[in-house]
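Only one structure is covered here, and it is reproduced in the block below.
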Amino acid sequence: MRPLKIGDLEIKIPIIQGGMGVAISLSGLASAVANQGGIGVISAAGIGMREPGFEKNLRQANRNALIREIQTARKKSNGVIGVNLMVALSDYDELLKIAVEEKVDLVFMGAGLPLKLPEFVFEQGFENIHTKFVPKVSSAKAAKLVFQYWHQKFNHIPDAVVVEGPLAGGHLGFSMKELTENPVPLSELIKETVAAMIPFEELYHKSIPVIAAGGIYTGSDIVSIFEAGAKAVKMGTRFVATHECDADLAFKESYLNSIKEDILLINSPVGLPGRVINSDFVQQIKRGETKPFKCPWKCLKNCDYKQVPYCISKVLLNSAQGKMDIGFAFAGANAFRVNKIVSVKELFDELISEYEHALELKKHQNSFASAIRIAV
């Protein structure tokens with residue numbers, strides 16, 4: 001695999017571990033991935049909810065926990081570390097500032113279009129910031145909108161872009177209709193986004209890597225999506241079933257025990273479809289049952305916590321802690337294919353081996369096709 005270059009940052013292996021919350025990908029998983037030459041990502045969503053007494057001041061708990069997880073990951077690895085931030089978080093600006101101050105290598109910004117940036121970014125100046133900014137979008141149109149806005153307002157553009165397709169796990173940037181009626185293949189989304197980036201690359205005289213996410217499972221999948229123009233892949237599902245993943249064993253086993261029919265789409269209380277693994281708790285939700293809760297702090301900007309049937313953050317934390325009877329597991333469309341828990345190193349070795357085999361096979365196929373054409 002060719003290294004991924006994002007500005008002056010070079011990543012040896014172009015594999016990025018998805019930032020999965022709540023408390024699925026923290027310093028343990030992120031540092032292990034970084035040590036293998038990929039990009040390890042800490043999820044900041046609800047990161048403070050494991051702190052003792054977080055109910056009294058969740059905003060402060062989030063700050064403390066994010067600082068600790070970044071610093072812990074740095075102690076465990078000299079590799080590339082990123083933070084995944086949801087634009088929809090009420091303390092998005094504060095957490096972004098922490099990520100920049102702690103000099104994480106990249107910030108992935110999703111769950112909303114990152115059209116605005118905190119004032120401190122301009123005060124410090126892009127040229128003085130170590131961190132690279134990478135928005136996550138679900139279409140070329142959204143990517144173009146973000147880049148055009150940054151160009152016009154900031155005279156600066158993001159350093160790369162992630163395109164997350166309809167087969168991803170967790171909250172999805174598509175309508176339920178778009179997900180169930182002829183969803184657009186990830187390869188097409190990548191091709192369209194690569195084309196949309198060309199004018200910005202020419203304007204700023206730099207390469208803008210397009211990163212593919214959602215449904216990528218094998219090394220062969222990586223070869224195919226690279227052919228569509230992606231420069232790297234972002235994978236979540238495969239990294240859940242690793243020993244280093246920060247989630248409880250019961251969460252990982254929900255992947256191992258699932259079958260294809262268990263991977264479902266639900267309507268999340270935050271107004272977006274979500275892909276989950278079926279369970280008794282999921283069925284209760286689908287029946288419209290409510291799970292009363294007290295909201296210590298409105299963690300999502302648009303959450304109407306007085307009306308929603310359950311707290312999505314609390315439910316996700318429950319599952320991360322192994323309480324699957326009162327939580328559910330977000331998962332990608334291929335989660336049912338997981339059949340064992342391996343180390344992060346074993347997973348990297350497997351993906352690289354599959355990639356090299358698939359690449360070699362394509363070379364032979366192309367040579368054979370050329371020979372046939374010549375003979376004809």
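Letters for chains follow the order of the structure tokens (A, B, ...), residue numbers begin at 1 for each chain, and ligand numbers begin at 1 in the order shown.
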Compile the contact shell of segment 33-50 of chain A as a PyMOL selection string: residues with an atom at most 8 Å away, counting only C-alpha atoms, same-chain residues fewer than 4 positions apart removed. chain A and resi 11-27+29+54-55+58-66+69-70+77-86+89+95+299+313+317+344-345+348
Quick one: everything within 10 Å of Ala241 of chain A, counting only C-alpha atoms, minus sequence neighbours fewer than 6 positions away in the same chain. Send it as JSON, numbers by chain. {"A": [247, 249, 251, 252, 253, 254, 255, 256, 335, 338, 339, 340, 341, 342, 343, 344, 347]}
Would you list, as a PyMOL selection string, the residues of segment 111-258 of chain A that end up in strand (DSSP E or B) under DSSP run on this structure's backbone? chain A and resi 132-137+161-164+170-171+210-213+232-235+242
Run DSSP on the backbone and give me the residues of segment 22-224 of chain A it puts in alpha helix (DSSP H), as a PyMOL selection string. chain A and resi 27-35+58-76+92-101+119-124+140-154+176-180+186-204+219-224
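The residue that comes closest to Glu188 of chain A, out of A:Ile263, A:Gly125, A:His171, A:Val163 and on the basis of only C-alpha atoms, is A:Val163.
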